[in-house]
file entry28.pdb (PDB, C-alpha atoms, pLDDT in the B column)
MODEL        1
ATOM      1  CA  MET A   1     -71.938 112.127 -11.237  1.00 91.00           C
ATOM      2  CA  SER A   2     -74.135 115.201 -10.946  1.00 97.00           C
ATOM      3  CA  ASP A   3     -76.487 116.801  -8.450  1.00 98.00           C
ATOM      4  CA  ILE A   4     -79.923 117.340  -9.961  1.00 98.00           C
ATOM      5  CA  LEU A   5     -82.704 119.502  -8.567  1.00 98.00           C
ATOM      6  CA  MET A   6     -86.253 118.249  -9.052  1.00 99.00           C
ATOM      7  CA  ILE A   7     -88.799 121.019  -8.494  1.00 99.00           C
ATOM      8  CA  VAL A   8     -92.186 119.520  -7.627  1.00 98.00           C
ATOM      9  CA  THR A   9     -95.552 121.161  -7.084  1.00 98.00           C
ATOM     10  CA  ALA A  10     -96.909 121.290  -3.540  1.00 98.00           C
ATOM     11  CA  ALA A  11    -100.435 122.140  -4.703  1.00 98.00           C
ATOM     12  CA  THR A  12    -103.317 119.846  -3.808  1.00 98.00           C
ATOM     13  CA  SER A  13    -106.013 121.457  -5.949  1.00 98.00           C
ATOM     14  CA  LEU A  14    -106.570 123.643  -8.989  1.00 98.00           C
ATOM     15  CA  THR A  15    -109.296 126.286  -8.967  1.00 98.00           C
ATOM     16  CA  MET A  16    -111.331 125.705 -12.099  1.00 98.00           C
ATOM     17  CA  LYS A  17    -113.011 128.230 -14.391  1.00 97.00           C
ATOM     18  CA  ASP A  18    -116.342 127.733 -12.596  1.00 98.00           C
ATOM     19  CA  GLY A  19    -114.748 128.262  -9.173  1.00 98.00           C
ATOM     20  CA  THR A  20    -114.767 124.626  -8.095  1.00 98.00           C
ATOM     21  CA  GLU A  21    -111.656 122.938  -6.728  1.00 98.00           C
ATOM     22  CA  HIS A  22    -110.172 120.099  -8.774  1.00 97.00           C
ATOM     23  CA  PRO A  23    -107.988 117.748  -6.667  1.00 97.00           C
ATOM     24  CA  THR A  24    -104.487 117.525  -8.104  1.00 97.00           C
ATOM     25  CA  GLY A  25    -100.793 117.274  -7.260  1.00 98.00           C
ATOM     26  CA  PHE A  26     -97.865 115.797  -9.161  1.00 98.00           C
ATOM     27  CA  TRP A  27     -98.360 113.123 -11.828  1.00 98.00           C
ATOM     28  CA  ALA A  28     -96.932 109.820 -10.592  1.00 98.00           C
ATOM     29  CA  GLU A  29     -95.572 108.498 -13.892  1.00 97.00           C
ATOM     30  CA  GLU A  30     -93.653 111.696 -14.551  1.00 98.00           C
ATOM     31  CA  LEU A  31     -91.986 112.051 -11.169  1.00 98.00           C
ATOM     32  CA  VAL A  32     -91.282 108.342 -10.849  1.00 98.00           C
ATOM     33  CA  THR A  33     -89.847 107.909 -14.333  1.00 98.00           C
ATOM     34  CA  ALA A  34     -87.564 110.931 -14.141  1.00 98.00           C
ATOM     35  CA  HIS A  35     -86.399 110.273 -10.571  1.00 98.00           C
ATOM     36  CA  ARG A  36     -85.822 106.549 -11.129  1.00 98.00           C
ATOM     37  CA  ASP A  37     -83.936 106.947 -14.406  1.00 98.00           C
ATOM     38  CA  LEU A  38     -81.702 109.745 -13.140  1.00 98.00           C
ATOM     39  CA  VAL A  39     -80.842 107.931  -9.908  1.00 98.00           C
ATOM     40  CA  ALA A  40     -80.272 104.650 -11.763  1.00 98.00           C
ATOM     41  CA  ALA A  41     -77.668 106.461 -13.872  1.00 98.00           C
ATOM     42  CA  GLY A  42     -75.796 107.398 -10.692  1.00 97.00           C
ATOM     43  CA  HIS A  43     -76.945 110.981 -10.214  1.00 98.00           C
ATOM     44  CA  THR A  44     -78.223 112.501  -6.972  1.00 98.00           C
ATOM     45  CA  VAL A  45     -81.713 114.006  -7.068  1.00 98.00           C
ATOM     46  CA  THR A  46     -82.857 116.618  -4.547  1.00 98.00           C
ATOM     47  CA  ILE A  47     -86.603 117.276  -4.384  1.00 98.00           C
ATOM     48  CA  ALA A  48     -87.708 120.851  -3.704  1.00 98.00           C
ATOM     49  CA  THR A  49     -91.176 122.339  -3.332  1.00 98.00           C
ATOM     50  CA  PRO A  50     -92.641 125.755  -2.482  1.00 98.00           C
ATOM     51  CA  GLY A  51     -92.192 126.205   1.255  1.00 98.00           C
ATOM     52  CA  GLY A  52     -90.679 122.749   1.644  1.00 98.00           C
ATOM     53  CA  VAL A  53     -94.213 121.326   1.779  1.00 98.00           C
ATOM     54  CA  ALA A  54     -94.492 117.580   1.178  1.00 98.00           C
ATOM     55  CA  PRO A  55     -95.930 117.120  -2.320  1.00 98.00           C
ATOM     56  CA  THR A  56     -99.155 115.241  -2.986  1.00 98.00           C
ATOM     57  CA  VAL A  57     -99.542 112.674  -5.728  1.00 98.00           C
ATOM     58  CA  ASP A  58    -102.548 113.214  -7.995  1.00 98.00           C
ATOM     59  CA  ALA A  59    -104.765 110.250  -7.135  1.00 97.00           C
ATOM     60  CA  GLY A  60    -105.838 109.996 -10.759  1.00 96.00           C
ATOM     61  CA  SER A  61    -102.279 109.272 -11.797  1.00 97.00           C
ATOM     62  CA  LEU A  62    -102.356 106.029  -9.795  1.00 97.00           C
ATOM     63  CA  ASP A  63    -105.658 104.896 -11.299  1.00 96.00           C
ATOM     64  CA  PRO A  64    -105.034 101.779 -13.433  1.00 96.00           C
ATOM     65  CA  SER A  65    -107.170 103.301 -16.171  1.00 93.00           C
ATOM     66  CA  GLN A  66    -104.622 106.116 -16.410  1.00 92.00           C
ATOM     67  CA  THR A  67    -101.445 104.096 -15.922  1.00 93.00           C
ATOM     68  CA  GLY A  68    -102.150 101.342 -18.433  1.00 92.00           C
ATOM     69  CA  GLY A  69    -103.101  98.662 -15.937  1.00 96.00           C
ATOM     70  CA  GLU A  70    -102.808  97.447 -12.358  1.00 97.00           C
ATOM     71  CA  ALA A  71     -99.157  96.435 -12.708  1.00 97.00           C
ATOM     72  CA  ARG A  72     -98.042  99.917 -13.748  1.00 96.00           C
ATOM     73  CA  ALA A  73    -100.158 101.536 -11.036  1.00 97.00           C
ATOM     74  CA  ARG A  74     -98.515  99.304  -8.426  1.00 97.00           C
ATOM     75  CA  GLU A  75     -95.066  99.995  -9.897  1.00 97.00           C
ATOM     76  CA  PHE A  76     -95.528 103.739  -9.497  1.00 98.00           C
ATOM     77  CA  ALA A  77     -97.047 103.452  -6.031  1.00 98.00           C
ATOM     78  CA  ASP A  78     -94.240 101.167  -4.857  1.00 98.00           C
ATOM     79  CA  TYR A  79     -91.579 103.565  -6.107  1.00 98.00           C
ATOM     80  CA  LEU A  80     -93.242 106.498  -4.373  1.00 98.00           C
ATOM     81  CA  ASP A  81     -93.290 104.445  -1.182  1.00 98.00           C
ATOM     82  CA  ALA A  82     -89.591 103.711  -1.635  1.00 98.00           C
ATOM     83  CA  ILE A  83     -88.713 107.416  -1.790  1.00 98.00           C
ATOM     84  CA  ALA A  84     -91.246 108.490   0.816  1.00 98.00           C
ATOM     85  CA  GLY A  85     -88.481 109.914   2.979  1.00 97.00           C
ATOM     86  CA  GLU A  86     -87.456 112.325   0.217  1.00 97.00           C
ATOM     87  CA  LEU A  87     -91.049 113.264  -0.554  1.00 98.00           C
ATOM     88  CA  THR A  88     -91.971 114.006   3.049  1.00 98.00           C
ATOM     89  CA  SER A  89     -88.902 116.172   3.662  1.00 97.00           C
ATOM     90  CA  PRO A  90     -88.286 118.238   0.516  1.00 98.00           C
ATOM     91  CA  VAL A  91     -86.053 121.284   0.395  1.00 98.00           C
ATOM     92  CA  ALA A  92     -87.786 124.672   0.251  1.00 98.00           C
ATOM     93  CA  ILE A  93     -87.256 126.199  -3.185  1.00 98.00           C
ATOM     94  CA  ALA A  94     -86.513 129.536  -1.504  1.00 98.00           C
ATOM     95  CA  ASP A  95     -83.422 127.935   0.063  1.00 98.00           C
ATOM     96  CA  VAL A  96     -82.068 126.577  -3.228  1.00 98.00           C
ATOM     97  CA  ASP A  97     -78.842 127.857  -4.767  1.00 98.00           C
ATOM     98  CA  ALA A  98     -79.157 127.056  -8.467  1.00 98.00           C
ATOM     99  CA  ALA A  99     -75.372 127.057  -8.820  1.00 98.00           C
ATOM    100  CA  GLU A 100     -75.199 123.811  -6.832  1.00 98.00           C
ATOM    101  CA  TYR A 101     -77.020 121.801  -9.484  1.00 98.00           C
ATOM    102  CA  ALA A 102     -76.151 120.560 -12.970  1.00 98.00           C
ATOM    103  CA  ALA A 103     -79.791 120.233 -14.010  1.00 98.00           C
ATOM    104  CA  VAL A 104     -83.268 121.307 -12.922  1.00 98.00           C
ATOM    105  CA  VAL A 105     -86.064 118.846 -13.726  1.00 98.00           C
ATOM    106  CA  LEU A 106     -89.753 119.740 -13.384  1.00 98.00           C
ATOM    107  CA  PRO A 107     -92.389 116.989 -13.698  1.00 98.00           C
ATOM    108  CA  GLY A 108     -96.018 117.923 -14.143  1.00 98.00           C
ATOM    109  CA  GLY A 109     -99.499 117.119 -13.047  1.00 97.00           C
ATOM    110  CA  HIS A 110    -101.919 120.039 -12.904  1.00 98.00           C
ATOM    111  CA  GLY A 111    -100.343 121.228  -9.652  1.00 98.00           C
ATOM    112  CA  PRO A 112     -97.732 123.500 -11.286  1.00 98.00           C
ATOM    113  CA  MET A 113    -100.595 125.602 -12.663  1.00 98.00           C
ATOM    114  CA  SER A 114    -101.609 126.378  -9.063  1.00 98.00           C
ATOM    115  CA  ASP A 115     -98.255 127.207  -7.521  1.00 98.00           C
ATOM    116  CA  LEU A 116     -95.089 126.952  -9.620  1.00 98.00           C
ATOM    117  CA  ALA A 117     -96.418 129.137 -12.447  1.00 98.00           C
ATOM    118  CA  SER A 118     -96.460 132.150 -10.129  1.00 98.00           C
ATOM    119  CA  ASP A 119     -93.914 131.180  -7.464  1.00 98.00           C
ATOM    120  CA  ALA A 120     -91.224 133.843  -7.121  1.00 98.00           C
ATOM    121  CA  ALA A 121     -88.666 131.420  -5.658  1.00 98.00           C
ATOM    122  CA  THR A 122     -89.127 129.059  -8.585  1.00 98.00           C
ATOM    123  CA  GLY A 123     -88.717 131.959 -10.968  1.00 98.00           C
ATOM    124  CA  ARG A 124     -85.492 133.036  -9.259  1.00 98.00           C
ATOM    125  CA  VAL A 125     -84.022 129.533  -9.521  1.00 98.00           C
ATOM    126  CA  LEU A 126     -85.011 129.155 -13.174  1.00 98.00           C
ATOM    127  CA  VAL A 127     -83.615 132.544 -14.182  1.00 98.00           C
ATOM    128  CA  ALA A 128     -80.313 131.825 -12.414  1.00 98.00           C
ATOM    129  CA  ALA A 129     -80.103 128.326 -13.908  1.00 98.00           C
ATOM    130  CA  ASN A 130     -80.885 129.586 -17.388  1.00 98.00           C
ATOM    131  CA  GLU A 131     -78.328 132.391 -17.203  1.00 98.00           C
ATOM    132  CA  ALA A 132     -75.708 129.845 -16.112  1.00 98.00           C
ATOM    133  CA  GLY A 133     -76.588 127.500 -18.965  1.00 98.00           C
ATOM    134  CA  THR A 134     -77.745 124.808 -16.535  1.00 98.00           C
ATOM    135  CA  ILE A 135     -79.931 122.084 -18.049  1.00 98.00           C
ATOM    136  CA  ILE A 136     -83.615 122.876 -17.443  1.00 99.00           C
ATOM    137  CA  ALA A 137     -86.069 120.074 -18.177  1.00 99.00           C
ATOM    138  CA  PRO A 138     -89.795 120.600 -17.560  1.00 98.00           C
ATOM    139  CA  PHE A 139     -92.370 118.286 -19.123  1.00 98.00           C
ATOM    140  CA  CYS A 140     -96.125 117.854 -19.519  1.00 98.00           C
ATOM    141  CA  HIS A 141     -97.569 120.612 -17.266  1.00 98.00           C
ATOM    142  CA  GLY A 142     -94.106 121.246 -15.800  1.00 98.00           C
ATOM    143  CA  PRO A 143     -93.427 124.034 -18.342  1.00 98.00           C
ATOM    144  CA  ALA A 144     -96.105 126.060 -16.537  1.00 98.00           C
ATOM    145  CA  ALA A 145     -93.335 126.765 -14.023  1.00 98.00           C
ATOM    146  CA  LEU A 146     -91.379 128.625 -16.710  1.00 98.00           C
ATOM    147  CA  LEU A 147     -94.027 131.354 -16.503  1.00 98.00           C
ATOM    148  CA  SER A 148     -92.627 132.346 -13.095  1.00 98.00           C
ATOM    149  CA  ALA A 149     -89.286 133.281 -14.661  1.00 98.00           C
ATOM    150  CA  SER A 150     -89.227 137.023 -15.292  1.00 97.00           C
ATOM    151  CA  LEU A 151     -86.137 139.144 -15.828  1.00 97.00           C
ATOM    152  CA  ALA A 152     -85.455 142.401 -13.975  1.00 95.00           C
ATOM    153  CA  ASP A 153     -87.244 144.379 -16.679  1.00 96.00           C
ATOM    154  CA  GLY A 154     -90.330 142.175 -16.363  1.00 95.00           C
ATOM    155  CA  SER A 155     -89.777 140.308 -19.634  1.00 97.00           C
ATOM    156  CA  PHE A 156     -90.196 136.551 -19.899  1.00 98.00           C
ATOM    157  CA  ALA A 157     -86.885 134.742 -19.455  1.00 98.00           C
ATOM    158  CA  PHE A 158     -87.816 132.067 -22.000  1.00 98.00           C
ATOM    159  CA  ALA A 159     -89.253 134.295 -24.733  1.00 98.00           C
ATOM    160  CA  GLY A 160     -88.056 133.175 -28.145  1.00 98.00           C
ATOM    161  CA  ARG A 161     -87.138 129.672 -26.919  1.00 98.00           C
ATOM    162  CA  ARG A 162     -88.431 126.531 -28.638  1.00 98.00           C
ATOM    163  CA  LEU A 163     -90.270 124.210 -26.307  1.00 98.00           C
ATOM    164  CA  THR A 164     -93.141 121.795 -26.022  1.00 98.00           C
ATOM    165  CA  VAL A 165     -95.805 121.382 -23.354  1.00 98.00           C
ATOM    166  CA  PHE A 166     -99.103 119.582 -22.690  1.00 98.00           C
ATOM    167  CA  THR A 167    -101.110 121.012 -25.534  1.00 98.00           C
ATOM    168  CA  ASP A 168    -104.419 122.846 -25.396  1.00 98.00           C
ATOM    169  CA  GLU A 169    -105.883 120.016 -27.475  1.00 98.00           C
ATOM    170  CA  GLU A 170    -104.672 117.399 -25.017  1.00 98.00           C
ATOM    171  CA  GLU A 171    -106.103 119.474 -22.162  1.00 98.00           C
ATOM    172  CA  ARG A 172    -109.475 119.704 -23.860  1.00 97.00           C
ATOM    173  CA  THR A 173    -109.697 116.040 -24.835  1.00 96.00           C
ATOM    174  CA  GLY A 174    -107.925 114.250 -21.993  1.00 93.00           C
ATOM    175  CA  GLY A 175    -107.170 116.801 -19.299  1.00 95.00           C
ATOM    176  CA  THR A 176    -109.541 119.026 -17.360  1.00 96.00           C
ATOM    177  CA  GLY A 177    -111.529 120.002 -20.464  1.00 97.00           C
ATOM    178  CA  GLU A 178    -113.315 123.273 -21.099  1.00 97.00           C
ATOM    179  CA  ASN A 179    -113.455 124.011 -17.369  1.00 98.00           C
ATOM    180  CA  THR A 180    -109.670 124.477 -17.372  1.00 97.00           C
ATOM    181  CA  PRO A 181    -108.972 127.887 -15.758  1.00 98.00           C
ATOM    182  CA  TRP A 182    -106.207 128.763 -18.227  1.00 98.00           C
ATOM    183  CA  TRP A 183    -104.301 127.039 -21.001  1.00 98.00           C
ATOM    184  CA  VAL A 184    -100.590 126.456 -20.422  1.00 98.00           C
ATOM    185  CA  GLU A 185     -99.716 126.186 -24.097  1.00 98.00           C
ATOM    186  CA  SER A 186    -101.586 129.376 -24.962  1.00 98.00           C
ATOM    187  CA  ARG A 187    -100.130 131.293 -22.016  1.00 98.00           C
ATOM    188  CA  LEU A 188     -96.584 130.329 -22.976  1.00 98.00           C
ATOM    189  CA  ARG A 189     -97.251 131.410 -26.568  1.00 98.00           C
ATOM    190  CA  GLU A 190     -98.580 134.735 -25.308  1.00 98.00           C
ATOM    191  CA  ARG A 191     -95.380 135.274 -23.320  1.00 98.00           C
ATOM    192  CA  GLY A 192     -93.257 134.661 -26.422  1.00 98.00           C
ATOM    193  CA  ALA A 193     -92.291 130.989 -26.276  1.00 98.00           C
ATOM    194  CA  LEU A 194     -92.113 129.141 -29.610  1.00 98.00           C
ATOM    195  CA  ILE A 195     -94.275 126.056 -29.138  1.00 98.00           C
ATOM    196  CA  ASP A 196     -93.383 122.895 -31.064  1.00 98.00           C
ATOM    197  CA  SER A 197     -96.166 120.334 -30.692  1.00 98.00           C
ATOM    198  CA  ALA A 198     -96.593 116.815 -32.049  1.00 98.00           C
ATOM    199  CA  ALA A 199     -99.736 114.687 -32.335  1.00 98.00           C
ATOM    200  CA  PRO A 200    -101.704 114.407 -29.091  1.00 97.00           C
ATOM    201  CA  TRP A 201    -100.345 111.786 -26.671  1.00 97.00           C
ATOM    202  CA  SER A 202     -97.238 111.107 -28.742  1.00 97.00           C
ATOM    203  CA  ASP A 203     -93.745 110.925 -27.247  1.00 98.00           C
ATOM    204  CA  HIS A 204     -92.290 114.316 -28.162  1.00 98.00           C
ATOM    205  CA  VAL A 205     -89.220 116.120 -26.817  1.00 98.00           C
ATOM    206  CA  VAL A 206     -87.812 119.469 -27.905  1.00 98.00           C
ATOM    207  CA  VAL A 207     -84.236 120.507 -27.154  1.00 98.00           C
ATOM    208  CA  ASP A 208     -83.245 124.177 -27.449  1.00 98.00           C
ATOM    209  CA  GLY A 209     -79.786 124.650 -26.000  1.00 98.00           C
ATOM    210  CA  ASN A 210     -79.974 123.996 -22.259  1.00 98.00           C
ATOM    211  CA  LEU A 211     -83.794 123.735 -22.367  1.00 98.00           C
ATOM    212  CA  ILE A 212     -85.229 120.218 -22.700  1.00 99.00           C
ATOM    213  CA  THR A 213     -89.022 119.922 -22.724  1.00 98.00           C
ATOM    214  CA  GLY A 214     -91.504 117.063 -23.082  1.00 98.00           C
ATOM    215  CA  GLN A 215     -95.097 117.282 -24.262  1.00 98.00           C
ATOM    216  CA  ASN A 216     -96.934 114.836 -21.997  1.00 98.00           C
ATOM    217  CA  PRO A 217     -96.574 111.816 -19.666  1.00 96.00           C
ATOM    218  CA  GLN A 218     -95.708 109.675 -22.676  1.00 97.00           C
ATOM    219  CA  SER A 219     -92.550 111.768 -23.033  1.00 98.00           C
ATOM    220  CA  SER A 220     -91.250 111.220 -19.493  1.00 98.00           C
ATOM    221  CA  ALA A 221     -88.636 108.577 -20.255  1.00 98.00           C
ATOM    222  CA  SER A 222     -87.441 110.443 -23.330  1.00 98.00           C
ATOM    223  CA  VAL A 223     -86.949 113.639 -21.316  1.00 98.00           C
ATOM    224  CA  ALA A 224     -84.918 111.744 -18.706  1.00 98.00           C
ATOM    225  CA  ARG A 225     -82.828 110.171 -21.456  1.00 98.00           C
ATOM    226  CA  ARG A 226     -82.120 113.552 -23.064  1.00 98.00           C
ATOM    227  CA  VAL A 227     -81.109 114.977 -19.676  1.00 98.00           C
ATOM    228  CA  LEU A 228     -78.724 112.079 -19.161  1.00 98.00           C
ATOM    229  CA  GLU A 229     -77.270 112.573 -22.639  1.00 98.00           C
ATOM    230  CA  ALA A 230     -76.815 116.299 -22.003  1.00 98.00           C
ATOM    231  CA  LEU A 231     -75.096 115.655 -18.676  1.00 98.00           C
ATOM    232  CA  ALA A 232     -72.796 113.086 -20.279  1.00 97.00           C
ATOM    233  CA  ALA A 233     -71.907 115.492 -23.065  1.00 96.00           C
ATOM    234  CA  ARG A 234     -70.874 118.055 -20.462  1.00 93.00           C
ATOM    235  CA  GLY A 235     -68.587 115.560 -18.792  1.00 81.00           C
TER     236      GLY A 235
ENDMDL
END

call {"tool": "encode", "arguments": {"input": "entry28.pdb", "output": "structure tokens"}}
result
Amino acid sequence: MSDILMIVTAATSLTMKDGTEHPTGFWAEELVTAHRDLVAAGHTVTIATPGGVAPTVDAGSLDPSQTGGEARAREFADYLDAIAGELTSPVAIADVDAAEYAAVVLPGGHGPMSDLASDAATGRVLVAANEAGTIIAPFCHGPAALLSASLADGSFAFAGRRLTVFTDEEERTGGTGENTPWWVESRLRERGALIDSAAPWSDHVVVDGNLITGQNPQSSASVARRVLEALAARG
């Protein structure tokens, strides 16, 4: 079985275009689904955040109107309670040695736009993991973290790679709307990523070598499954 690093945002808010603060954090469905499925398959998951700060769940992601009902909301909340010890004592990303992990998984929520997208320690881990061919699996807003990965010459480490991400259309129609401070899909395109999007809110995963990306929360289970398949293929 493998050791898997889960990089999680420690942000609690996102500064919007108009200067207001939008409460945020990690998206419950994404973290829960990935963590639960990977652990259920026998792998060990280590949670890491910037500074080793305990991550905050986005309250909206536990709203029954967002989860698909009270039962799902309770399911996610109960799982987060069950792993509370891991969430309250994460590893600091700056202390991570990428070589110790077989995969790096990055769930979303709007939080990664606030911290992971510009976090130097996250960038260092992603560059090292990518150069080693380690599985890297960000999904929904998690691919915002890829923006932190710059090579020594300043170029984007994931330029020319096929990936998917929470689309600008999804952001406008079901995310933070026109007040969004910047668009993750557009920013990744500007840096040279090749974006492969499906219909809004559809389960969509793109695999490009060691890079496995998912478009939205609906893709969470599929991303975890592809990670498990990739790990199995590597023995």

call {"tool": "resolve_selection", "arguments": {"input": "entry28.pdb", "expression": "the PyMOL selection byres ((chain A and resi 231) around 10)", "output": "PyMOL selection string"}}
result
chain A and resi 1-2+43+102-103+134-135+225-230+232-235

call {"tool": "resolve_selection", "arguments": {"input": "entry28.pdb", "expression": "the PyMOL selection byres ((chain A and resi 206) around 10)", "output": "VMD selection string"}}
result
chain A and resid 137 139 162 to 165 195 to 197 204 to 205 207 to 209 211 to 215 223 226

call {"tool": "atom_distance", "arguments": {"input": "entry28.pdb", "atom1": "atom CA of Ala193 of chain A", "atom2": "atom CA of Ala159 of chain A"}}
result
4.7 Å

call {"tool": "residues_around", "arguments": {"input": "entry28.pdb", "residues": "segment 26-41 of chain A", "least_positions_apart": "4", "cutoff": "10 Å", "atoms": "all atoms listed in the file", "output": "PyMOL selection string"}}
result
chain A and resi 1-4+6-12+45-47+55-62+66-67+72-73+75-80+83+105-112+139-142+216-225+227-228

call {"tool": "closest_residue", "arguments": {"input": "entry28.pdb", "among": "A:Ala121, A:Ile93, A:Leu188, A:Leu116", "to": "Leu14 of chain A", "atoms": "all atoms listed in the file"}}
result
A:Leu116

call {"tool": "atom_distance", "arguments": {"input": "entry28.pdb", "atom1": "atom CA of Ala84 of chain A", "atom2": "atom CA of Phe166 of chain A"}}
result
27.2 Å

call {"tool": "closest_residue", "arguments": {"input": "entry28.pdb", "among": "A:Ala145, A:Met113, A:Ala99, A:Ala92", "to": "Gly25 of chain A", "atoms": "all atoms listed in the file"}}
result
A:Met113

call {"tool": "atom_distance", "arguments": {"input": "entry28.pdb", "atom1": "atom CA of Ser155 of chain A", "atom2": "atom CA of Thr15 of chain A"}}
result
26.3 Å

call {"tool": "decode", "arguments": {"input": "entry28.pdb", "residues": "segment 121-144 of chain A", "atoms": "N, CA and C atoms", "output": "short mmCIF file (atom, residue, chain, number, x, y, z; two decimals), in the first residue's frame"}}
result
data_model
loop_
_atom_site.label_atom_id
_atom_site.label_comp_id
_atom_site.auth_asym_id
_atom_site.auth_seq_id
_atom_site.Cartn_x
_atom_site.Cartn_y
_atom_site.Cartn_z
N ALA A 121 5.86 26.78 -0.93
CA ALA A 121 6.10 25.41 -0.47
C ALA A 121 5.29 24.41 -1.29
N THR A 122 4.06 24.79 -1.59
CA THR A 122 3.23 23.93 -2.45
C THR A 122 3.86 23.79 -3.82
N GLY A 123 4.33 24.90 -4.36
CA GLY A 123 4.98 24.86 -5.66
C GLY A 123 6.19 23.96 -5.66
N ARG A 124 7.00 24.03 -4.60
CA ARG A 124 8.19 23.18 -4.51
C ARG A 124 7.82 21.70 -4.52
N VAL A 125 6.80 21.34 -3.74
CA VAL A 125 6.36 19.95 -3.66
C VAL A 125 5.83 19.48 -5.01
N LEU A 126 5.04 20.31 -5.68
CA LEU A 126 4.46 19.91 -6.95
C LEU A 126 5.52 19.76 -8.04
N VAL A 127 6.48 20.67 -8.07
CA VAL A 127 7.55 20.56 -9.06
C VAL A 127 8.35 19.27 -8.83
N ALA A 128 8.71 19.00 -7.58
CA ALA A 128 9.48 17.80 -7.27
C ALA A 128 8.68 16.54 -7.61
N ALA A 129 7.40 16.54 -7.26
CA ALA A 129 6.55 15.37 -7.54
C ALA A 129 6.41 15.16 -9.04
N ASN A 130 6.22 16.25 -9.76
CA ASN A 130 6.05 16.13 -11.22
C ASN A 130 7.33 15.62 -11.88
N GLU A 131 8.46 16.14 -11.45
CA GLU A 131 9.74 15.72 -12.05
C GLU A 131 10.03 14.25 -11.75
N ALA A 132 9.50 13.75 -10.63
CA ALA A 132 9.69 12.34 -10.27
C ALA A 132 8.65 11.43 -10.90
N GLY A 133 7.66 12.02 -11.58
CA GLY A 133 6.60 11.22 -12.17
C GLY A 133 5.56 10.76 -11.17
N THR A 134 5.56 11.36 -9.99
CA THR A 134 4.57 11.02 -8.95
C THR A 134 3.17 11.42 -9.43
N ILE A 135 2.18 10.63 -9.07
CA ILE A 135 0.80 10.96 -9.42
C ILE A 135 0.40 12.26 -8.73
N ILE A 136 -0.16 13.19 -9.50
CA ILE A 136 -0.63 14.47 -8.98
C ILE A 136 -2.10 14.60 -9.37
N ALA A 137 -2.97 14.75 -8.39
CA ALA A 137 -4.41 14.71 -8.67
C ALA A 137 -5.18 15.85 -7.99
N PRO A 138 -5.24 17.02 -8.64
CA PRO A 138 -6.06 18.10 -8.13
C PRO A 138 -7.43 18.10 -8.82
N PHE A 139 -8.46 18.54 -8.12
CA PHE A 139 -9.78 18.58 -8.76
C PHE A 139 -10.62 19.74 -8.25
N CYS A 140 -11.60 20.11 -9.07
CA CYS A 140 -12.45 21.28 -8.86
C CYS A 140 -11.58 22.54 -8.82
N HIS A 141 -11.49 23.25 -7.69
CA HIS A 141 -10.60 24.40 -7.59
C HIS A 141 -9.19 24.00 -7.18
N GLY A 142 -8.98 22.70 -6.91
CA GLY A 142 -7.65 22.23 -6.53
C GLY A 142 -6.57 22.55 -7.55
N PRO A 143 -6.89 22.52 -8.88
CA PRO A 143 -5.87 22.85 -9.87
C PRO A 143 -5.32 24.28 -9.75
N ALA A 144 -5.99 25.13 -8.98
CA ALA A 144 -5.43 26.47 -8.74
C ALA A 144 -4.04 26.34 -8.11
#
